[in-house]
Each structure stands twice: as structure tokens, then as C-alpha cells.
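A short worksheet on the structure shown next.
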Amino acid sequence: MPPLPRRACLFAFALSAATVAHAGDDWPTKFALADGTEISGTLNYAWDLNDFSGDDGYGTAATTLEDAHTNRRKEFGIVVKKKDVYDFTAVMDFQSKLWLDVALRVETRALFDRDYGKIRIGYFKTPVSMESTAASRAGSMLEASAASQAIYEGRRTGVEWSLDRPRYGLSAAYFFGTDLQGDNPGITAAGRAIWTPVKDKDQVVHLALSGSVENPHGYRDGRGTWFGPSARFRARPEAGLTAVRLVDSGSLRGVDRIVRNGLEALWIEGPLSLQAEVLRATAQREDGLEDYTANGYYVTGSWVLTGETRPYAAGNVGNVKPAHGYGAVEALLRYGELDLDHAGIAGGHQRDLTLGLNWYLSTHFKFQANYVRVAAERGALAADPRVLELRAQVNF
């Protein structure tokens with residue numbers, strides 16, 4: 001019997017997942033102990049399809065974009081929590097074979113009888129890029145913008161203090177050592193400040209600044225070869241199933257520190273919302289090498305056609321919670337740019353226009369479709385691929 005076409009496979013998965021999702025929101029994934037401690041299992045499974053067209057003009061076989069359909073995420077985790085005391089999270093993505101958040105967070109009110117904020121220690125996300133620090137299960141688009149991909153530092157091991165108040169939020173963090181994969185040695189100091197002059201259930205105005213200073217360290221491999229501190233900024237064409245980057249600074253040597261900055265804005269008014277970020281990273285270099293700067297931004301508009309509001313909490317947005325038996329439907333439009341041409345380095349310039357449609361069948365199941373038009377130039381090469389992306393996602 002011939003294999004089913006990939007779109008038929010995705011549709012079959014979507015139907016089966018939707019059946020499970022409509023079984024109810026009260027899934028038995030949380031257990032409470034007598035002292036109030038809760039133990040929860042978590043899952044975020046996403047199956048993607050990427051279909052490329054118009055991508056033959058870039059000039060080299062190495063940049064051929066190939067259609068693909070496979071698992072995008074297989075995240076499994078555990079959360080142990082005692083309200084107003086602590087929570088511990090450990091999550092692994094078995095698709096990428098990478099650890100995600102592994103951290104303990106303690107409420108200061110449990111230690112000092114007053115709320116001075118929360119202390120977190122472990123492995124978690126650095127703060128620059130609102131899009132990237134949102135939970136992977138809550139992405140409005142299938143992939144982060146090119147600017148977020150290139151400038152976001154990723155997860156690191158460290159300690160953080162955070163304070164959440166009705167009209168503002170603050171955080172400061174210090175990261176040290178390598179990541180849990182043993183890569184990216186160095187230290188980073190980072191912070192984020194949020195102002196929410198409007199913060200109601202159906203109305204939000206969010207303005208924020210974030211920044212970090214990373215001091216990358218060199219390392220010596222098993223053969224004794226020394227690799228000095230370096231940096232690299234690059235992005236995929238907003239498609240997660242390809243390893244191709246149409247814009248790439250290449251490895252920058254002689255890097256003393258990397259300074260990242262982000263400016264965030266979010267407006268939510270009932271079913272409508274706008275989200276935007278301006279992101280910048282500068283690699284300050286030694287040995288007479290010119291400093292290198294990467295710049296980018298994006299603007300995303302969202303309209304929940306079925307009337308619900310995008311939820312906002314802890315400085316970021318989440319998945320729409322359906323108010324109807326047939327679920328919730330959201331239409332989105334995002335435009336973004338990333339400029340990696342600087343200091344004589346032809347890293348390239350990429351512009352992306354993304355149309356999105358999300359169908360939230362329940363709080364546990366989401367079906368997404370994106371259509372992306374990319375325009376990229378790097379040196380004498382240029383490409384303008386178009387990407388159709390589909391995703392079926394189950395999470396709890």
C-alpha cells in the first residue's frame with residue numbers, strides 16, 4: 001500500500017489530536033499531596049510541514065531549501081510546585097535532544113514573610129527578545145522572526161531575581177559557565193524592566209526594555225586545540241525544518257563582549273493586538289578588529305475572529321483560550337527585517353512577511369498555518385522563497 005501524502009498524514013493527526021483535545025480540559029496530569037504540593041507532567045508535541053517554492057535563485061546548491069514534514073518538538077517535563085513557596089521545572093526536548101528549562105524558583109515571602117520577589121536558579125532563558133522568551137507552546141507564529149532568531153542568546157545557567165507588580169515588573173540575572181549541552185562558555189549579566197500602565201483582562205499596554213552583556217570565553221577541545229571567544233548571528237527563513245540560513249555573519253573572532261538590547265511594545269484591546277520589538281546586538285572585538293552590529297525588528301498584528309482576547313501574564317502572551325465549543329480562530333500578520341551587513345562583513349539582509357491562521361480547538365490542541373514570503377540578499381546572491389507551513393500541536 002503506498003504511503004499517505006504528507007498533507008493527508010497531517011490531517012489525520014490533526015483529527016485524532018482534536019478528538020483527544022475535545023475529551024475535556026481536565027486531564028489527569030496533576031497530582032496534589034496532602035501538604036499542598038502539586039506534581040504535574042507536561043508535554044508539548046508539534047508536528048510540522050514545510051513546503052518551499054520559488055527558492056531556486058540563491059546561487060549555490062548548499063542553500064537549496066527542501067520540503068520536509070516531521071516532528072518539530074517532543075517536549076516532556078515535570079513540575080513540582082507548592083503555592084507561594086516554590087516551583088521546580090525540568091523539561092527536555094527529545095526531538096532536538098536539548099534540555100530546556102531546568103530550574104528552581106523560590107518565593108521570598110516564604111523566606112522573609114514579605115514579598116521581595118522571586119529567586120530562580122538553574123538553566124533558563126536569557127531575557128532579550130520577548131518573542132523568544134514566550135513559551136514554545138504559546139507561539140503565535142510557527143517560528144520566531146529573523147531578528148529574534150539572530151539576536152536571542154538562548155538559555156544559560158545562572159541565577160535570577162524577578163519582581164512582578166500590577167503596573168511594572170523587574171528582573172536581573174547573572175549567568176555563568178556553559179549551557180547544559182556543555183557549549184557557550186562565558187558569563188552574562190542581564191535585566192528587563194516592564195511598565196504596564198494598562199493591565200486588565202481585556203486591555204493591556206506593555207512597554208519594556210531588556211539588555212544583556214555577554215563575555216564569551218574560549219575553550220580547548222579534546223585534542224588540545226584552543227578556540228578563542230567568538231560570536232555568530234544568523235537566521236533561518238522563518239521555517240523550523242531547514243538548517244539553511246540565507247543570512248549569516250559567519251564566525252566573528254576576537255570577541256571581547258556581546259551587548260544585546262531590546263525594546264518591546266504590546267497593545268491588547270479585546271480581540272485585537274499589536275506586538276513589536278526592535279533588537280540590536282554588538283560584538284565588541286579586540287586586536288584592532290572593528291566592532292560588528294546586527295539590527296532587526298518585527299511588527300505583529302493579531303485579530304481573534306471569534307472574539308476572545310490573547311491572555312497576558314508575567315510579561316508575555318499565551319495561547320488564546322476558546323470560549324466556544326468549536327474553538328477560537330486567530331488571524332495574524334507579521335513583517336520583520338534583519339540586517340547583518342556591517343563592518344565590512346556581508347552577513348546579508350532579510351525581509352519577511354508572514355500570514356498566520358491559528359485554530360485553538362481547546363486549551364490542549366492548536367492547529368496553525370503560516371505563509372511566509374522571504375526576500376534575502378547576501379553579497380551578490382539573492383533569494384525570495386515562499387514557505388507554506390502547517391502545524392498540529394498537543395500540549396498540557
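Ligands are numbered from 1 in the order shown, residues from 1 within each chain, and chains are lettered A, B, ... in the order they appear in the C-alpha cells.
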Point to revise | Sel. of helix (DSSP H, G or I) residues, segment 74-318 of chain A, as a ChimeraX atom specification | key: /A:108-112,130-133,136-138,146-151
**Study point:** Those of segment 135-379 of chain A in DSSP strand (DSSP E or B), formatted as a ChimeraX atom specification
**Key:** /A:155-164,168-175,186-199,203-216,219-220,226-227,230-231,234-235,247-248,252-253,255-269,272-285,292-304,312-313,316-317,328-342,345-360,365-378
Would you give me, as CSV, each residue of segment 290-351 of chain A having an atom within 12 Å of an atom of segment 174-198 of chain A, along with its shortest atom pair and that distance in Å to one decimal, using only C-alpha atoms and sorting by chain and residue number?
residue,atom,partner,partner_atom,distance
A:Tyr312,CA,A:Thr196,CA,10.9
A:Ala313,CA,A:Thr196,CA,11.0
A:Ala314,CA,A:Ile194,CA,9.8
A:Gly315,CA,A:Ile194,CA,7.2
A:Asn316,CA,A:Ile194,CA,10.3
Keeping only C-alpha atoms, write those residues as an mmCIF file, in the first residue's frame.
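Ended up saving to part07.cif:
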data_model
loop_
_atom_site.group_PDB
_atom_site.id
_atom_site.type_symbol
_atom_site.label_atom_id
_atom_site.label_comp_id
_atom_site.auth_asym_id
_atom_site.auth_seq_id
_atom_site.Cartn_x
_atom_site.Cartn_y
_atom_site.Cartn_z
ATOM 1 C CA TYR A 312 -1.195 38.272 29.164
ATOM 2 C CA ALA A 313 0.775 37.266 32.259
ATOM 3 C CA ALA A 314 4.322 37.573 33.623
ATOM 4 C CA GLY A 315 5.368 39.952 30.859
ATOM 5 C CA ASN A 316 4.316 37.856 27.879
#
Review point. Which residues, written as a PyMOL selection string, have at least one atom at most 10 Å from Tyr360 of chain A, with only C-alpha atoms counted and residues fewer than 5 positions away on the same chain left out?
Key: chain A and resi 18+21+319-322+326-330+365-368+393
**Study point:** Which residue of A:Ser212, A:Thr89, A:Thr293, A:Thr354 approaches Ser171 of chain A most closely, using only C-alpha atoms
**Key:**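 Selected residue with least distance to Ser171 of chain A: A:Ser212.
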Check your understanding: With distances taken over only C-alpha atoms, which of A:Leu338, A:Val244, A:Ala208, A:Ala239 is nearest to His69 of chain A?
Key -> A:Ala239
Point to revise | Two-atom distance - atom CA of Ala283 of chain A, atom CA of Ala231 of chain A (Å) | key: 7.0 Å
Contacts of Gly211 of chain A within 12 Å, only C-alpha atoms, excl. fewer than 4 positions in-chain, as a PDB file with C-alpha atoms, in the first residue's frame:
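Full text of out09.pdb as output:
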ATOM      1  CA  THR A 126      18.046  34.943  28.821  1.00  0.00           C
ATOM      2  CA  PRO A 127      15.686  37.953  28.656  1.00  0.00           C
ATOM      3  CA  VAL A 128      16.430  39.808  25.381  1.00  0.00           C
ATOM      4  CA  SER A 129      13.656  39.050  22.821  1.00  0.00           C
ATOM      5  CA  MET A 130      10.070  38.913  24.042  1.00  0.00           C
ATOM      6  CA  ILE A 151      19.918  38.187  18.401  1.00  0.00           C
ATOM      7  CA  TYR A 152      18.388  35.999  21.137  1.00  0.00           C
ATOM      8  CA  GLU A 153      21.207  34.498  23.231  1.00  0.00           C
ATOM      9  CA  SER A 171      14.266  41.194  36.654  1.00  0.00           C
ATOM     10  CA  ALA A 172      18.036  40.903  36.965  1.00  0.00           C
ATOM     11  CA  ALA A 173      20.087  37.808  36.204  1.00  0.00           C
ATOM     12  CA  THR A 188      26.300  37.107  31.049  1.00  0.00           C
ATOM     13  CA  ALA A 189      24.661  39.858  33.105  1.00  0.00           C
ATOM     14  CA  ALA A 190      21.110  40.656  32.005  1.00  0.00           C
ATOM     15  CA  GLY A 191      17.991  42.533  33.000  1.00  0.00           C
ATOM     16  CA  ARG A 192      14.492  43.524  31.925  1.00  0.00           C
ATOM     17  CA  ALA A 193      12.170  46.334  33.010  1.00  0.00           C
ATOM     18  CA  ILE A 258      28.439  40.966  23.133  1.00  0.00           C
ATOM     19  CA  VAL A 259      25.944  43.674  24.101  1.00  0.00           C
ATOM     20  CA  ARG A 260      22.289  42.929  23.339  1.00  0.00           C
ATOM     21  CA  ASN A 261      19.343  45.328  23.664  1.00  0.00           C
ATOM     22  CA  GLY A 262      15.631  45.006  23.096  1.00  0.00           C
ATOM     23  CA  LEU A 263      12.750  47.499  23.044  1.00  0.00           C
ATOM     24  CA  GLU A 264       9.281  45.926  23.370  1.00  0.00           C
ATOM     25  CA  VAL A 278      13.459  46.412  17.995  1.00  0.00           C
ATOM     26  CA  LEU A 279      16.547  44.252  18.633  1.00  0.00           C
ATOM     27  CA  ARG A 280      20.247  45.012  18.424  1.00  0.00           C
ATOM     28  CA  ALA A 281      23.455  43.142  19.205  1.00  0.00           C
ATOM     29  CA  THR A 282      27.012  44.460  19.063  1.00  0.00           C
TER      30      THR A 282
END
**Study point:** Nearest residue to Leu100 of chain A from the set A:Lys83, A:Ile78, A:Lys118, A:Glu238 (distances using only C-alpha atoms)
**Key:**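 Using only C-alpha atoms, the shortest distance to Leu100 of chain A belongs to A:Ile78.
Here atom CA of Thr157 of chain A and atom CA of Asp101 of chain A stand 9.6 Å from one another.
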Check your understanding: Leaving out Ile119 of chain A and any residue of its chain fewer than 2 positions from it, which residues lie within 8 Å of it when counting only C-alpha atoms, given as a PyMOL selection string?
Key -> chain A and resi 105-108+117+121+159-162
Pull C-alpha atoms from the residues just selected and write them as a compact mmCIF listing (two decimals), in the first residue's frame.
# COMPACT_ATOMS: atom_id res chain seq x y z
CA ARG A 105 12.24 29.20 41.78
CA VAL A 106 11.60 30.26 45.38
CA GLU A 107 9.14 32.90 46.67
CA THR A 108 10.82 35.34 49.04
CA GLY A 117 10.13 38.94 44.50
CA ILE A 121 18.47 29.27 39.98
CA VAL A 159 20.52 32.91 38.99
CA GLU A 160 17.72 35.48 38.63
CA TRP A 161 15.71 37.84 40.79
CA SER A 162 12.32 38.97 39.49
Check your understanding: atom CA of Met141 of chain A and atom CA of Ala346 of chain A, how far apart in Å?
Key ->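 Distance reported for this atom pair: 28.3 Å.
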